[in-house]
Amino acid sequence: MFSLFPALVSGSVADRSALRFGDRSLTYAELAVSAGALAGRLDGAGRVAVWATPTLETAVAVVAALLAGVPAVPLNPRSGETELGHIVGDSAPTLVLAAPGDALPAALGALDRIDVDVRAEAVSAGPDAEPGPVLDPGAPALVVYTSGTTGPPKGAVVPRRAIAATLDALADAWRWTGDDVLVHALPLFHVHGLIIGILGPLRRGGSVRHLGRFGAEGVARELDAGATMLFGVPTMYHRLAEALGEDPGLAKALGRARLLVSGSAALPLHDHERITAATGRGVVERYGMTETLMNTSVRADGPPRPGTVGVPLPGVGLRLVEDDGTAIAWYEADGTPAGAHDGESVGEIQVRGPNLFTEYLNRPDATAAAFTADGWFRTGDMAVLDPDGSVRIVGRRATDLIKSGGYKIGAGEIENALLEHPGVREAAVAGEADADLGERVAAWIVPADPGAPPSAEELADHVAGSLAPHKRPRTVRFVAALPRNDMGKILKRELPRD
Ligand code: MCA
Ligand code: AMP
């Protein structure tokens, strides 16, 4: 029998805390009733949008949609008009699920709304609410929007099978059980925070404590109070590393964790070293992508391998491929590394396995381009294999993709938004190294009126309001002209940097 949440159905951990957000929480028994009742109301809905604030309501809404077999589209509640309009137009949800009292923007005004009133759902449903039917593993579970180099974000259709496969593979790599208590503060509209951070503990029958908002204090408090694992993006670990110097209690708290996991971007060695030196704990890195969920991880029961993303997870096929399509390194069926695992030969990471997405919604062209003729997914990430088989990511194929704070941001999307501003004649966007964010979004602007350019703040607000705050340029430079080649293409490497 295929069930995403065996612990919800079996009642085996009925009294255990499943979810806690601030001072509000649900046990497994309460979640089964609450999400089961909401699932009953979703029966027959097409896709449903979820207003994905970092709250109990979002978790209950997504679990309910999964129980009902209705694909859910998590929405960033900070998305601006253009971004939200695109996602709603593209995914065409029939309903939006939101917490009572949440004000929804005009782009969602035409949709029917169901208020996810956690307590009322539980009370009105009574004890008889049943988790929904057993569903086809290939059926779509979630549509998660992710940026590309150009154009608006694409909706990656994630099947139920991929969620189960990735979470079970992580359970193996991390020795993750129902006894684990996870603390995290990630947003709930991306794979990391929602699938790994919320659905992960629920699939194991364990507990999650969400901080609502990231801060070293909250992390330390929860680890001191018995949490066993922490998931975060490198910016969060960087901030923890910075705080360690002034806060000996934080070092103790981090040292108590069974597992500290970082992902979504590379954690610099300096931060690895500072955290390990102060806490005695290494940070484990795992590597994934919206389209593939998780591909590799450093194993909890293996040697620490800072600077690498570990080895392929059970069930994941991984190879490194050169530009001409030649595979230069891969793993045999028993997991042994083969080919050039010399720590030097660079190839693109290609993957296959049950963890992969099905398609980009409404984008057969982009879906076809994402796979090789023999069915491997092209990640666009460049890596080497170390002699022990660990994957070391060394770069990215597309320079027009920026990873800032763990968010993927397409340069083209920001350029288009900037060009809509009346004060902008030409715009170029690129990533710049940033100690806190990994990379920050930088913009070069040729103003429409050189005598009266718009302010940097105005342009940042414009992008934040149209797309999302995390996509706003953090540095804006005004230039007389953009460097271009004979074909008129912008030469981003020649953009002036301070
Ligand atoms: C500032 N703010 C603004 C503006 N300026 N709002 C509107 N207009 C402006 N001009 C507000 C922000 O909304 C926010 O509000 C506050 O100021 C601070 O925002 P910001 O500067 O963006 O915060 P930050 O310091 O940059 O955030 C760092 C962060 C964040 C907390 C680490 O980047 C983050 O949560 N990253 C997680 C990314 C993630 O989950 N990625 C997973 C995708 P307020 O203060 O009210 O909040 S990758 C993935 O899923 C794959 C599968 C994988 O491998 O994991
Ligand atoms: P997203 O499309 O937002 O899901 O981001 C996926 C991308 O994040 C991958 O293609 C990688 O470039 C990057 N990424 C995720 N985890 C790691 C990691 N541990 N180290 C380096 N890059 C990572």
# chains A, B, ... in the order shown; residues from 1 in each chain; ligands from 1
>>> residues_near_ligand(ligand="ligand 1", cutoff="8 Å", atoms="only C-alpha atoms and all ligand atoms", output="PyMOL selection string")
chain A and resi 78+185-193+213-214+232-236+263-265+286-294+404-408+437+457-458+460-465+468-472
>>> residues_around(residues="stretch 94-110 of chain A", least_positions_apart="3", cutoff="6 Å", atoms="only C-alpha atoms", output="list in words")
Gly46, Val48, Ala49, Val50, Trp51, Glu57, Gly85, Arg113, Ile114, Asp115 and Val116 of chain A
>>> atom_distance(atom1="atom 1 (P, counted along the ligand's line) of ligand 2", atom2="atom CA of A:Gly155")
11.8 Å
>>> select_by_dssp(residues="stretch 92-296 of chain A", states="strand (DSSP E)", output="ChimeraX atom specification")
/A:95-98,112-115,140-146,154-159,181-184,207-210,229-232,259-262,283-289,293-296
>>> atom_distance(atom1="atom CA of A:Glu242", atom2="atom CA of A:Thr399")
28.8 Å
>>> residues_around(residues="A:Asp271", least_positions_apart="6", cutoff="10 Å", atoms="only C-alpha atoms", output="PDB file with N, CA and C atoms, in the first residue's frame")
ATOM      1  N   PRO A 234      22.913  27.966   3.616  1.00  0.00           N
ATOM      2  CA  PRO A 234      24.228  28.441   4.071  1.00  0.00           C
ATOM      3  C   PRO A 234      24.189  29.819   4.738  1.00  0.00           C
ATOM      4  N   THR A 235      23.320  30.716   4.279  1.00  0.00           N
ATOM      5  CA  THR A 235      23.242  32.038   4.919  1.00  0.00           C
ATOM      6  C   THR A 235      22.903  31.885   6.406  1.00  0.00           C
ATOM      7  N   TYR A 237      23.612  29.237   8.338  1.00  0.00           N
ATOM      8  CA  TYR A 237      24.799  28.717   9.039  1.00  0.00           C
ATOM      9  C   TYR A 237      25.879  29.793   9.150  1.00  0.00           C
ATOM     10  N   HIS A 238      25.985  30.649   8.126  1.00  0.00           N
ATOM     11  CA  HIS A 238      26.950  31.753   8.196  1.00  0.00           C
ATOM     12  C   HIS A 238      26.601  32.665   9.374  1.00  0.00           C
ATOM     13  N   ARG A 239      25.313  32.959   9.513  1.00  0.00           N
ATOM     14  CA  ARG A 239      24.898  33.840  10.614  1.00  0.00           C
ATOM     15  C   ARG A 239      25.103  33.159  11.964  1.00  0.00           C
ATOM     16  N   LEU A 240      24.899  31.850  12.014  1.00  0.00           N
ATOM     17  CA  LEU A 240      25.177  31.132  13.265  1.00  0.00           C
ATOM     18  C   LEU A 240      26.675  31.182  13.567  1.00  0.00           C
ATOM     19  N   ALA A 241      27.490  30.989  12.527  1.00  0.00           N
ATOM     20  CA  ALA A 241      28.951  31.010  12.723  1.00  0.00           C
ATOM     21  C   ALA A 241      29.385  32.383  13.240  1.00  0.00           C
ATOM     22  N   GLU A 242      28.777  33.440  12.689  1.00  0.00           N
ATOM     23  CA  GLU A 242      29.117  34.795  13.141  1.00  0.00           C
ATOM     24  C   GLU A 242      28.719  34.996  14.596  1.00  0.00           C
ATOM     25  N   ALA A 277      34.758  23.935  14.854  1.00  0.00           N
ATOM     26  CA  ALA A 277      35.715  24.280  15.916  1.00  0.00           C
ATOM     27  C   ALA A 277      34.971  24.677  17.194  1.00  0.00           C
ATOM     28  N   VAL A 283      28.880  20.073   9.910  1.00  0.00           N
ATOM     29  CA  VAL A 283      27.626  20.301   9.186  1.00  0.00           C
ATOM     30  C   VAL A 283      27.623  19.365   7.982  1.00  0.00           C
ATOM     31  N   PRO A 306      33.458  17.906   4.598  1.00  0.00           N
ATOM     32  CA  PRO A 306      33.158  19.306   4.310  1.00  0.00           C
ATOM     33  C   PRO A 306      33.691  19.710   2.935  1.00  0.00           C
TER      34      PRO A 306
END
>>> residues_around(residues="A:Phe377", least_positions_apart="4", cutoff="9 Å", atoms="only C-alpha atoms", output="VMD selection string")
chain A and resid 291 to 292 349 to 352 356 370 to 372
>>> residues_around(residues="A:Ala39", least_positions_apart="4", cutoff="7 Å", atoms="only C-alpha atoms", output="PDB file with N, CA and C atoms, in the first residue's frame")
ATOM      1  N   ALA A  35      -6.449  17.634   9.038  1.00  0.00           N
ATOM      2  CA  ALA A  35      -6.132  17.534   7.612  1.00  0.00           C
ATOM      3  C   ALA A  35      -7.119  16.599   6.923  1.00  0.00           C
ATOM      4  N   ASP A  43     -12.224  17.259  -2.067  1.00  0.00           N
ATOM      5  CA  ASP A  43     -12.537  16.175  -2.987  1.00  0.00           C
ATOM      6  C   ASP A  43     -13.007  16.747  -4.326  1.00  0.00           C
ATOM      7  N   ALA A  64      -3.463  18.122   3.756  1.00  0.00           N
ATOM      8  CA  ALA A  64      -4.840  17.827   3.339  1.00  0.00           C
ATOM      9  C   ALA A  64      -4.906  17.600   1.827  1.00  0.00           C
ATOM     10  N   ALA A  65      -4.240  18.450   1.066  1.00  0.00           N
ATOM     11  CA  ALA A  65      -4.251  18.285  -0.394  1.00  0.00           C
ATOM     12  C   ALA A  65      -3.628  16.946  -0.772  1.00  0.00           C
ATOM     13  N   LEU A  67      -3.507  14.248   1.100  1.00  0.00           N
ATOM     14  CA  LEU A  67      -4.422  13.168   1.497  1.00  0.00           C
ATOM     15  C   LEU A  67      -5.560  13.041   0.487  1.00  0.00           C
ATOM     16  N   ALA A  68      -6.007  14.191  -0.047  1.00  0.00           N
ATOM     17  CA  ALA A  68      -7.132  14.172  -0.994  1.00  0.00           C
ATOM     18  C   ALA A  68      -6.685  13.799  -2.404  1.00  0.00           C
ATOM     19  N   GLY A 132      -7.522  10.320   3.431  1.00  0.00           N
ATOM     20  CA  GLY A 132      -8.117   9.976   2.128  1.00  0.00           C
ATOM     21  C   GLY A 132      -7.657   8.685   1.484  1.00  0.00           C
TER      22      GLY A 132
END
>>> residues_around(residues="A:Asp400", least_positions_apart="3", cutoff="12 Å", atoms="only C-alpha atoms", output="JSON, numbers by chain")
{"A": [147, 148, 149, 150, 151, 380, 396, 397, 403, 408, 409, 410, 411, 412, 413, 414, 415, 428, 429, 430, 431, 432, 441, 442, 490, 491, 492, 493]}
>>> closest_residue(among="A:Val309, A:Val476, A:Ala227, A:Ala481", to="A:Leu267", atoms="only C-alpha atoms")
A:Val309
>>> closest_residue(among="A:Asn76, A:Thr296, A:Thr55, A:Ser17", to="ligand 2", atoms="only C-alpha atoms and all ligand atoms")
A:Thr296
>>> decode(residues="stretch 83-187 of chain A", atoms="C-alpha atoms", output="mmCIF file, in the first residue's frame")
data_model
loop_
_atom_site.group_PDB
_atom_site.id
_atom_site.type_symbol
_atom_site.label_atom_id
_atom_site.label_comp_id
_atom_site.auth_asym_id
_atom_site.auth_seq_id
_atom_site.Cartn_x
_atom_site.Cartn_y
_atom_site.Cartn_z
ATOM 1 C CA GLU A 83 5.068 36.954 -10.341
ATOM 2 C CA LEU A 84 1.814 35.964 -8.676
ATOM 3 C CA GLY A 85 -0.204 36.772 -11.811
ATOM 4 C CA HIS A 86 2.038 34.471 -13.824
ATOM 5 C CA ILE A 87 1.911 31.590 -11.335
ATOM 6 C CA VAL A 88 -1.851 31.757 -10.901
ATOM 7 C CA GLY A 89 -2.428 32.086 -14.663
ATOM 8 C CA ASP A 90 -0.089 29.192 -15.421
ATOM 9 C CA SER A 91 -1.221 26.751 -12.727
ATOM 10 C CA ALA A 92 -4.935 27.669 -12.913
ATOM 11 C CA PRO A 93 -5.939 26.629 -9.385
ATOM 12 C CA THR A 94 -9.639 26.242 -8.629
ATOM 13 C CA LEU A 95 -9.287 27.206 -4.973
ATOM 14 C CA VAL A 96 -6.960 28.976 -2.615
ATOM 15 C CA LEU A 97 -6.329 27.720 0.927
ATOM 16 C CA ALA A 98 -5.315 30.381 3.436
ATOM 17 C CA ALA A 99 -5.360 31.046 7.158
ATOM 18 C CA PRO A 100 -8.470 32.867 8.396
ATOM 19 C CA GLY A 101 -7.921 36.601 8.307
ATOM 20 C CA ASP A 102 -5.072 36.543 5.788
ATOM 21 C CA ALA A 103 -5.602 39.330 3.263
ATOM 22 C CA LEU A 104 -5.101 37.942 -0.236
ATOM 23 C CA PRO A 105 -3.999 40.090 -3.190
ATOM 24 C CA ALA A 106 -6.137 40.901 -6.220
ATOM 25 C CA ALA A 107 -4.441 38.216 -8.351
ATOM 26 C CA LEU A 108 -6.229 35.600 -6.197
ATOM 27 C CA GLY A 109 -9.515 37.500 -6.002
ATOM 28 C CA ALA A 110 -11.327 35.378 -8.593
ATOM 29 C CA LEU A 111 -10.594 32.087 -6.802
ATOM 30 C CA ASP A 112 -12.858 30.393 -4.290
ATOM 31 C CA ARG A 113 -11.248 30.505 -0.872
ATOM 32 C CA ILE A 114 -11.243 27.983 1.943
ATOM 33 C CA ASP A 115 -10.069 29.251 5.304
ATOM 34 C CA VAL A 116 -7.882 26.653 6.973
ATOM 35 C CA ASP A 117 -9.205 27.016 10.467
ATOM 36 C CA VAL A 118 -7.164 24.348 12.176
ATOM 37 C CA ARG A 119 -9.175 24.180 15.374
ATOM 38 C CA ALA A 120 -12.574 24.479 13.737
ATOM 39 C CA GLU A 121 -11.716 21.765 11.207
ATOM 40 C CA ALA A 122 -10.777 19.431 14.038
ATOM 41 C CA VAL A 123 -13.796 20.219 16.186
ATOM 42 C CA SER A 124 -16.418 20.083 13.433
ATOM 43 C CA ALA A 125 -15.030 16.903 11.917
ATOM 44 C CA GLY A 126 -15.235 14.926 15.128
ATOM 45 C CA PRO A 127 -13.294 11.732 15.622
ATOM 46 C CA ASP A 128 -14.522 10.028 12.437
ATOM 47 C CA ALA A 129 -12.512 11.935 9.834
ATOM 48 C CA GLU A 130 -10.474 9.473 7.784
ATOM 49 C CA PRO A 131 -7.313 10.248 5.862
ATOM 50 C CA GLY A 132 -8.117 9.976 2.128
ATOM 51 C CA PRO A 133 -7.705 7.328 -0.517
ATOM 52 C CA VAL A 134 -4.541 5.485 -1.481
ATOM 53 C CA LEU A 135 -3.284 7.162 -4.636
ATOM 54 C CA ASP A 136 -1.199 6.462 -7.714
ATOM 55 C CA PRO A 137 2.511 7.100 -6.969
ATOM 56 C CA GLY A 138 2.889 8.820 -10.343
ATOM 57 C CA ALA A 139 0.096 11.323 -9.677
ATOM 58 C CA PRO A 140 1.117 14.968 -9.255
ATOM 59 C CA ALA A 141 1.476 16.031 -5.623
ATOM 60 C CA LEU A 142 2.882 19.551 -5.806
ATOM 61 C CA VAL A 143 3.665 22.167 -8.422
ATOM 62 C CA VAL A 144 6.688 24.160 -7.238
ATOM 63 C CA TYR A 145 7.723 27.257 -9.163
ATOM 64 C CA THR A 146 11.410 27.724 -9.880
ATOM 65 C CA SER A 147 13.326 30.399 -11.803
ATOM 66 C CA GLY A 148 15.232 29.820 -15.036
ATOM 67 C CA THR A 149 17.834 32.037 -16.712
ATOM 68 C CA THR A 150 15.230 33.931 -18.735
ATOM 69 C CA GLY A 151 11.477 34.398 -18.591
ATOM 70 C CA PRO A 152 9.098 33.821 -15.710
ATOM 71 C CA PRO A 153 9.395 30.874 -13.269
ATOM 72 C CA LYS A 154 8.387 27.382 -14.422
ATOM 73 C CA GLY A 155 6.157 25.049 -12.424
ATOM 74 C CA ALA A 156 7.933 21.773 -11.647
ATOM 75 C CA VAL A 157 5.340 19.004 -11.277
ATOM 76 C CA VAL A 158 6.470 16.788 -8.396
ATOM 77 C CA PRO A 159 4.818 13.352 -8.239
ATOM 78 C CA ARG A 160 3.907 11.564 -4.997
ATOM 79 C CA ARG A 161 6.530 8.925 -5.753
ATOM 80 C CA ALA A 162 9.338 11.502 -5.763
ATOM 81 C CA ILE A 163 8.395 12.811 -2.322
ATOM 82 C CA ALA A 164 8.318 9.322 -0.832
ATOM 83 C CA ALA A 165 11.535 8.255 -2.575
ATOM 84 C CA THR A 166 13.546 11.300 -1.569
ATOM 85 C CA LEU A 167 12.387 11.294 2.051
ATOM 86 C CA ASP A 168 13.083 7.578 2.446
ATOM 87 C CA ALA A 169 16.519 7.935 0.880
ATOM 88 C CA LEU A 170 17.314 10.780 3.293
ATOM 89 C CA ALA A 171 16.094 8.638 6.184
ATOM 90 C CA ASP A 172 18.694 6.089 5.175
ATOM 91 C CA ALA A 173 21.511 8.618 4.741
ATOM 92 C CA TRP A 174 20.745 10.547 7.911
ATOM 93 C CA ARG A 175 19.496 7.674 10.109
ATOM 94 C CA TRP A 176 16.368 9.826 10.362
ATOM 95 C CA THR A 177 13.604 8.337 12.541
ATOM 96 C CA GLY A 178 10.358 9.225 14.274
ATOM 97 C CA ASP A 179 12.391 10.056 17.384
ATOM 98 C CA ASP A 180 13.965 13.035 15.642
ATOM 99 C CA VAL A 181 12.735 16.526 16.362
ATOM 100 C CA LEU A 182 13.574 18.975 13.596
ATOM 101 C CA VAL A 183 13.966 22.709 14.020
ATOM 102 C CA HIS A 184 13.840 24.930 10.959
ATOM 103 C CA ALA A 185 12.921 28.424 9.827
ATOM 104 C CA LEU A 186 12.781 28.007 6.064
ATOM 105 C CA PRO A 187 10.030 29.364 3.843
#
